[in-house]
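upload31.txt follows; it contains compact mmCIF, C-alpha atoms.
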# COMPACT_ATOMS: atom_id res chain seq x y z
CA MET O 14 43.03 53.47 -31.72
CA VAL O 15 42.83 52.01 -35.22
CA GLY O 16 45.63 50.59 -37.35
CA ALA O 17 45.46 51.59 -41.01
CA GLY O 18 48.03 49.09 -42.24
CA PRO O 19 51.13 49.90 -44.29
CA GLY O 20 49.56 51.51 -47.36
CA ASP O 21 47.85 48.97 -49.60
CA PRO O 22 44.12 49.55 -48.85
CA SER O 23 43.39 45.83 -49.23
CA LEU O 24 45.37 45.27 -46.00
CA LEU O 25 42.94 47.38 -43.97
CA THR O 26 41.10 45.08 -41.56
CA LEU O 27 37.32 44.70 -41.52
CA GLY O 28 37.31 45.97 -37.94
CA ALA O 29 39.15 49.11 -38.99
CA LEU O 30 36.77 49.75 -41.90
CA LEU O 31 33.71 49.37 -39.66
CA ARG O 32 35.11 51.84 -37.10
CA LEU O 33 35.84 54.37 -39.85
CA ARG O 34 32.26 54.13 -41.08
CA GLU O 35 30.89 54.61 -37.54
CA ALA O 36 33.15 57.55 -36.65
CA ASP O 37 32.21 61.18 -36.15
CA VAL O 38 35.83 62.35 -36.23
CA VAL O 39 38.98 60.73 -37.66
CA VAL O 40 42.37 62.05 -36.55
CA TYR O 41 44.84 60.58 -39.03
CA ASP O 42 48.62 60.42 -39.29
CA ARG O 43 50.76 61.26 -42.31
CA LEU O 44 51.48 57.52 -42.35
CA VAL O 45 47.99 56.75 -43.65
CA SER O 46 47.70 56.31 -47.42
CA ASP O 47 45.31 58.34 -49.58
CA GLU O 48 43.66 55.08 -50.68
CA VAL O 49 42.74 54.28 -47.08
CA LEU O 50 41.55 57.84 -46.45
CA SER O 51 39.26 57.59 -49.47
CA LEU O 52 37.30 54.89 -47.63
CA ILE O 53 36.19 57.33 -44.92
CA PRO O 54 32.60 58.56 -45.49
CA ARG O 55 32.17 62.18 -46.57
CA ARG O 56 30.13 63.07 -43.48
CA VAL O 57 33.05 62.26 -41.15
CA ARG O 58 35.17 65.16 -39.96
CA LYS O 59 38.80 64.50 -40.86
CA VAL O 60 41.65 66.09 -38.92
CA TYR O 61 45.27 65.84 -40.05
CA GLY O 62 47.34 64.80 -37.04
CA GLY O 63 50.62 63.98 -38.75
CA LYS O 64 53.99 65.03 -37.46
CA ASP O 65 55.87 66.45 -40.42
CA PRO O 66 59.65 66.04 -40.60
CA GLY O 67 61.29 68.78 -38.57
CA SER O 68 58.20 69.54 -36.49
CA LYS O 69 58.35 69.68 -32.70
CA GLY O 70 57.15 66.21 -31.79
CA ARG O 71 56.36 66.75 -28.11
CA GLU O 72 54.28 69.90 -28.64
CA LYS O 73 52.42 68.29 -31.52
CA GLN O 74 51.68 65.19 -29.47
CA GLU O 75 50.25 67.27 -26.63
CA GLU O 76 47.99 69.07 -29.10
CA LEU O 77 46.74 65.76 -30.50
CA ASN O 78 46.08 64.40 -27.01
CA GLU O 79 43.99 67.44 -26.11
CA LEU O 80 42.16 67.27 -29.43
CA MET O 81 41.14 63.64 -28.88
CA LEU O 82 40.15 64.37 -25.29
CA GLY O 83 37.99 67.34 -26.25
CA GLU O 84 36.20 65.50 -29.06
CA ALA O 85 35.57 62.44 -26.90
CA LYS O 86 34.31 64.51 -23.94
CA SER O 87 31.84 66.21 -26.28
CA GLY O 88 30.30 62.83 -27.05
CA LYS O 89 31.88 62.21 -30.45
CA LYS O 90 33.07 58.83 -31.69
CA VAL O 91 36.74 59.47 -32.40
CA VAL O 92 39.02 57.26 -34.47
CA ARG O 93 42.75 57.82 -34.03
CA LEU O 94 43.94 56.39 -37.35
CA LYS O 95 47.57 55.34 -37.42
CA GLY O 96 49.69 53.80 -40.16
CA GLY O 97 50.56 50.18 -39.49
CA ASP O 98 49.63 49.02 -35.99
CA PRO O 99 48.74 51.58 -33.30
CA PHE O 100 50.72 49.81 -30.56
CA LEU O 101 53.93 49.17 -32.51
CA PHE O 102 56.26 52.21 -32.59
CA SER O 103 53.28 54.48 -33.13
CA ARG O 104 52.72 56.18 -29.75
CA GLY O 105 49.40 54.42 -29.39
CA GLY O 106 50.30 53.26 -25.91
CA GLU O 107 51.15 56.79 -24.81
CA GLU O 108 47.88 58.15 -26.17
CA ALA O 109 45.89 55.34 -24.57
CA GLU O 110 47.50 56.14 -21.21
CA PHE O 111 46.62 59.82 -21.59
CA LEU O 112 42.97 59.02 -22.31
CA ARG O 113 42.59 56.42 -19.57
CA ASP O 114 44.08 58.78 -16.99
CA ARG O 115 41.36 61.28 -17.90
CA GLY O 116 38.48 58.84 -17.80
CA VAL O 117 38.04 58.32 -21.55
CA GLU O 118 37.22 54.76 -22.61
CA PHE O 119 38.82 53.40 -25.76
CA GLU O 120 39.35 50.26 -27.77
CA VAL O 121 42.25 49.12 -29.92
CA VAL O 122 41.86 47.76 -33.46
CA PRO O 123 45.22 46.22 -34.39
CA GLY O 124 46.58 46.89 -37.86
CA VAL O 125 48.85 45.02 -40.25
CA SER O 126 52.32 46.28 -39.42
CA SER O 127 54.85 47.14 -42.10
CA ALA O 128 57.30 45.05 -40.07
CA LEU O 129 55.44 42.01 -41.41
CA ALA O 130 53.74 43.19 -44.59
CA VAL O 131 56.54 45.11 -46.29
CA PRO O 132 59.10 42.26 -46.25
CA ALA O 133 56.36 39.90 -47.48
CA TYR O 134 55.55 42.23 -50.40
CA ALA O 135 59.26 42.25 -51.24
CA GLY O 136 59.41 38.44 -51.31
CA ILE O 137 61.27 38.16 -47.98
CA PRO O 138 59.81 35.61 -45.55
CA LEU O 139 60.89 36.64 -42.06
CA THR O 140 60.92 33.02 -40.96
CA HIS O 141 61.92 30.04 -43.07
CA ARG O 142 62.98 26.61 -41.81
CA GLY O 143 66.13 26.76 -43.90
CA TYR O 144 67.13 30.27 -42.84
CA SER O 145 65.56 31.66 -39.68
CA SER O 146 63.48 30.79 -36.65
CA SER O 147 63.58 34.11 -34.77
CA VAL O 148 62.86 37.78 -35.55
CA THR O 149 63.63 41.04 -33.75
CA VAL O 150 61.85 44.31 -34.55
CA VAL O 151 63.47 47.60 -33.48
CA THR O 152 62.96 51.28 -34.18
CA GLY O 153 65.49 53.33 -36.06
CA ARG O 154 64.29 56.49 -34.37
CA GLU O 155 64.15 56.79 -30.59
CA ALA O 156 62.81 59.45 -28.24
CA GLY O 157 65.52 61.49 -26.55
CA SER O 158 69.21 61.73 -27.27
CA LYS O 159 70.31 58.55 -25.48
CA SER O 160 69.74 55.24 -27.27
CA ARG O 161 68.35 52.27 -25.35
CA LEU O 162 69.25 49.83 -28.09
CA GLU O 163 71.91 47.32 -27.05
CA TRP O 164 73.50 46.42 -30.38
CA SER O 165 75.54 43.52 -28.97
CA LYS O 166 72.33 41.80 -27.85
CA ILE O 167 70.48 42.71 -31.03
CA ALA O 168 73.28 41.42 -33.28
CA ALA O 169 73.35 38.05 -31.56
CA GLY O 170 69.74 37.85 -30.45
CA SER O 171 67.89 36.51 -33.50
CA ASP O 172 68.27 35.34 -37.09
CA VAL O 173 66.43 38.29 -38.67
CA LEU O 174 66.35 41.96 -37.74
CA VAL O 175 63.63 44.34 -38.95
CA VAL O 176 64.22 48.07 -38.47
CA LEU O 177 61.32 50.51 -38.80
CA MET O 178 61.92 54.21 -39.50
CA GLY O 179 65.62 53.53 -40.03
CA ALA O 180 66.32 54.92 -43.51
CA ALA O 181 68.11 58.05 -42.30
CA ARG O 182 70.32 55.97 -39.99
CA ALA O 183 70.95 52.99 -42.30
CA LYS O 184 74.71 53.49 -42.37
CA GLU O 185 74.89 53.94 -38.59
CA ILE O 186 72.73 50.88 -37.99
CA ALA O 187 74.85 48.71 -40.29
CA THR O 188 78.04 49.98 -38.65
CA ASN O 189 76.71 49.24 -35.16
CA LEU O 190 75.73 45.70 -36.13
CA VAL O 191 79.12 44.93 -37.69
CA ARG O 192 80.93 46.35 -34.67
CA ALA O 193 78.72 44.21 -32.44
CA GLY O 194 79.81 41.05 -34.24
CA LYS O 195 77.30 40.59 -37.05
CA PRO O 196 79.19 39.28 -40.13
CA ALA O 197 79.81 42.01 -42.70
CA ASP O 198 78.53 39.76 -45.49
CA THR O 199 75.08 39.43 -43.87
CA PRO O 200 72.46 40.37 -46.50
CA MET O 201 70.49 43.56 -45.94
CA ALA O 202 67.47 44.94 -47.77
CA ALA O 203 65.83 48.36 -47.74
CA ILE O 204 62.24 48.33 -49.00
CA THR O 205 60.97 51.80 -49.88
CA TRP O 206 57.27 52.68 -50.12
CA GLY O 207 56.40 49.08 -49.25
CA THR O 208 53.00 47.64 -50.31
CA THR O 209 52.40 50.57 -52.70
CA LYS O 210 52.88 50.76 -56.44
CA ARG O 211 56.01 52.82 -55.77
CA GLN O 212 57.67 49.98 -53.89
CA ARG O 213 61.38 49.54 -54.56
CA THR O 214 63.87 47.17 -52.96
CA VAL O 215 67.59 47.81 -52.60
CA THR O 216 69.69 44.82 -51.50
CA THR O 217 73.21 45.02 -50.15
CA THR O 218 75.25 43.67 -47.21
CA LEU O 219 75.95 45.13 -43.80
CA GLY O 220 79.57 45.72 -44.78
CA ARG O 221 78.68 47.67 -47.91
CA ALA O 222 75.93 49.64 -46.16
CA ALA O 223 78.40 50.67 -43.46
CA LYS O 224 80.76 52.22 -46.00
CA GLU O 225 80.66 55.87 -46.97
CA GLY O 226 78.08 56.50 -49.65
CA GLU O 227 76.78 52.94 -49.87
CA ALA O 228 73.60 53.74 -47.91
CA ASP O 229 72.78 56.85 -49.98
CA ALA O 230 70.37 54.89 -52.18
CA ILE O 231 68.20 54.10 -49.17
CA GLU O 232 65.38 56.62 -49.03
CA ALA O 233 62.54 57.18 -46.59
CA PRO O 234 60.09 55.68 -46.01
CA SER O 235 61.91 52.35 -45.82
CA VAL O 236 61.83 49.14 -43.83
CA LEU O 237 65.24 47.58 -43.30
CA VAL O 238 65.64 43.80 -43.11
CA VAL O 239 68.89 42.12 -42.07
CA GLY O 240 69.46 38.38 -42.33
CA ARG O 241 69.98 35.45 -44.66
CA VAL O 242 66.29 35.46 -45.66
CA VAL O 243 67.00 38.60 -47.70
CA SER O 244 68.69 36.34 -50.27
CA LEU O 245 65.25 34.95 -51.15
CA ALA O 246 63.95 38.33 -52.36
CA SER O 247 65.06 37.89 -55.97
CA LYS O 248 63.41 34.47 -56.16
CA LEU O 249 60.15 35.19 -54.32
CA ARG O 250 59.53 38.78 -55.44
CA TRP O 251 55.95 39.26 -56.63
CA TRP O 252 54.85 42.85 -55.99
CA PRO O 253 54.14 45.13 -57.74
CA GLU O 254 55.37 43.81 -61.09
CA LYS O 255 54.05 40.27 -60.66
CA ALA O 256 50.91 41.12 -58.70
CA SER O 257 47.78 39.50 -60.13
CA LYS O 258 45.66 41.88 -62.17
CA SER O 259 42.59 40.08 -60.84
CA ARG O 260 43.32 40.77 -57.15
CA PRO O 261 40.34 42.23 -55.25
CA ARG O 262 39.83 45.97 -55.60
CA VAL O 263 39.00 48.10 -52.61
CA ASP O 264 36.21 50.42 -53.69
CA ALA O 265 35.69 53.83 -52.14
CA ALA O 266 32.05 54.00 -53.20
CA ALA O 267 30.01 56.41 -51.07
CA SER O 268 33.15 57.44 -49.25
CA GLY O 269 34.33 60.37 -51.33
CA SER O 270 37.77 61.68 -52.09
CA PRO O 271 40.48 61.97 -49.42
CA PRO O 272 41.11 65.27 -47.64
CA SER O 273 44.01 67.52 -48.47
CA ARG O 274 47.11 66.73 -46.48
CA ARG O 275 50.60 67.91 -45.66
CA GLY O 276 53.84 65.99 -45.72
CA SER O 277 54.82 62.59 -47.05
CA ARG O 278 53.64 59.23 -45.79
CA THR O 279 55.94 56.65 -44.25
CA PRO O 280 54.25 53.34 -43.51
CA ARG O 281 55.15 51.86 -40.21

So, in terms of structure tokens, how does the structure I just supplied come out?
Amino acid sequence: MVGAGPGDPSLLTLGALLRLREADVVVYDRLVSDEVLSLIPRRVRKVYGGKDPGSKGREKQEELNELMLGEAKSGKKVVRLKGGDPFLFSRGGEEAEFLRDRGVEFEVVPGVSSALAVPAYAGIPLTHRGYSSSVTVVTGREAGSKSRLEWSKIAAGSDVLVVLMGAARAKEIATNLVRAGKPADTPMAAITWGTTKRQRTVTTTLGRAAKEGEADAIEAPSVLVVGRVVSLASKLRWWPEKASKSRPRVDAAASGSPPSRRGSRTPR
């Protein structure tokens, strides 16, 4: 179970890179960037395991579980490559349970989550002594029809809220927070395509985002950040416009070009 990070290949960990180079098979999500895929050696078999928008998630997950099980039982070294961190809103825990129940040993290589990296690339420090000392991370997309999110507790629970996979529900999320007592003038940011050259940040307030049409500019894939720290974005913004041209380059030498793929990528 390997985390690929949020998109920028320089955020891939050394542990992740070593596992990719040792692998026989890599089963990768649509959340994994082409730049990261280009680091996989040519000899490695690459299998697209992404769940495209509108696909049947449960059936697809069962297929992926059986695929990993079959490859592992045949003696192959299998890397399940997931965008962000494999154990944060990425079904890594479910897949690990499936494998352990069937006698397959595994290890987990944590990845840099977009919950941390994307706000940082947008110039938003999640904690700051003058603004915040607590952070809550929630998903904007839950399994099943009944939500387990308690908005009254979330609204009052911490200084900063980070929502992953919440672009399609931005208006609903903002409305729920305001109804739960979060001030309507609380700053909110939506960072699209975070850590990539396509990164774009839209800043607003909960009150404006809750209004009809105000959340239309928020596109997927986006990370939502709610809290006073969002006000620092204009001052601390550095990527991609202000990124140093001399920053280290991740070279795909001897790795070859990435495989063909379906769907878009949403870092997580």

Nearby residues, (55.9, 42.5, -50.1) file frame, 9 Å, all atoms listed in the file, as a PyMOL selection string: chain O and resi 129-137+204+207-208+212+250-253

Region 103-116 of chain O: which residues within 9 Å, counting all atoms listed in the file, same-chain residues fewer than 2 positions away excluded, as a PyMOL selection string? chain O and resi 14+74+77-78+81-82+93+95-101+118-121+281

Calculated over all atoms listed in the file, which of the candidates O:Leu190, O:Met178, O:Leu162, O:Ala36 has the smallest distance to Phe102 (chain O)?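 Among the listed residues, O:Met178 lies closest to Phe102 (chain O).
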
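CA of Ala197 (chain O) lies 4.3 Å from CA of Gly220 (chain O).
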
Report, in Å to a single decimal, how far apart CA of Ser235 (chain O) and CA of Ala128 (chain O) are.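 For CA of Ala128 (chain O) relative to CA of Ser235 (chain O), the distance reads 10.4 Å.
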
Quick check, in Å to one decimal: how far apart do CA of Leu50 (chain O) and CA of Thr209 (chain O) lie?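 About the pair CA of Leu50 (chain O) and CA of Thr209 (chain O): they are 14.5 Å apart.
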
So which residues touch Ser146 (chain O) within 10 Å, counting only C-alpha atoms, skipping near sequence neighbours fewer than 3 positions away, as a list in words? Leu139, Thr140, His141, Arg142, Gly143, Ser171, Asp172 and Val173 of chain O
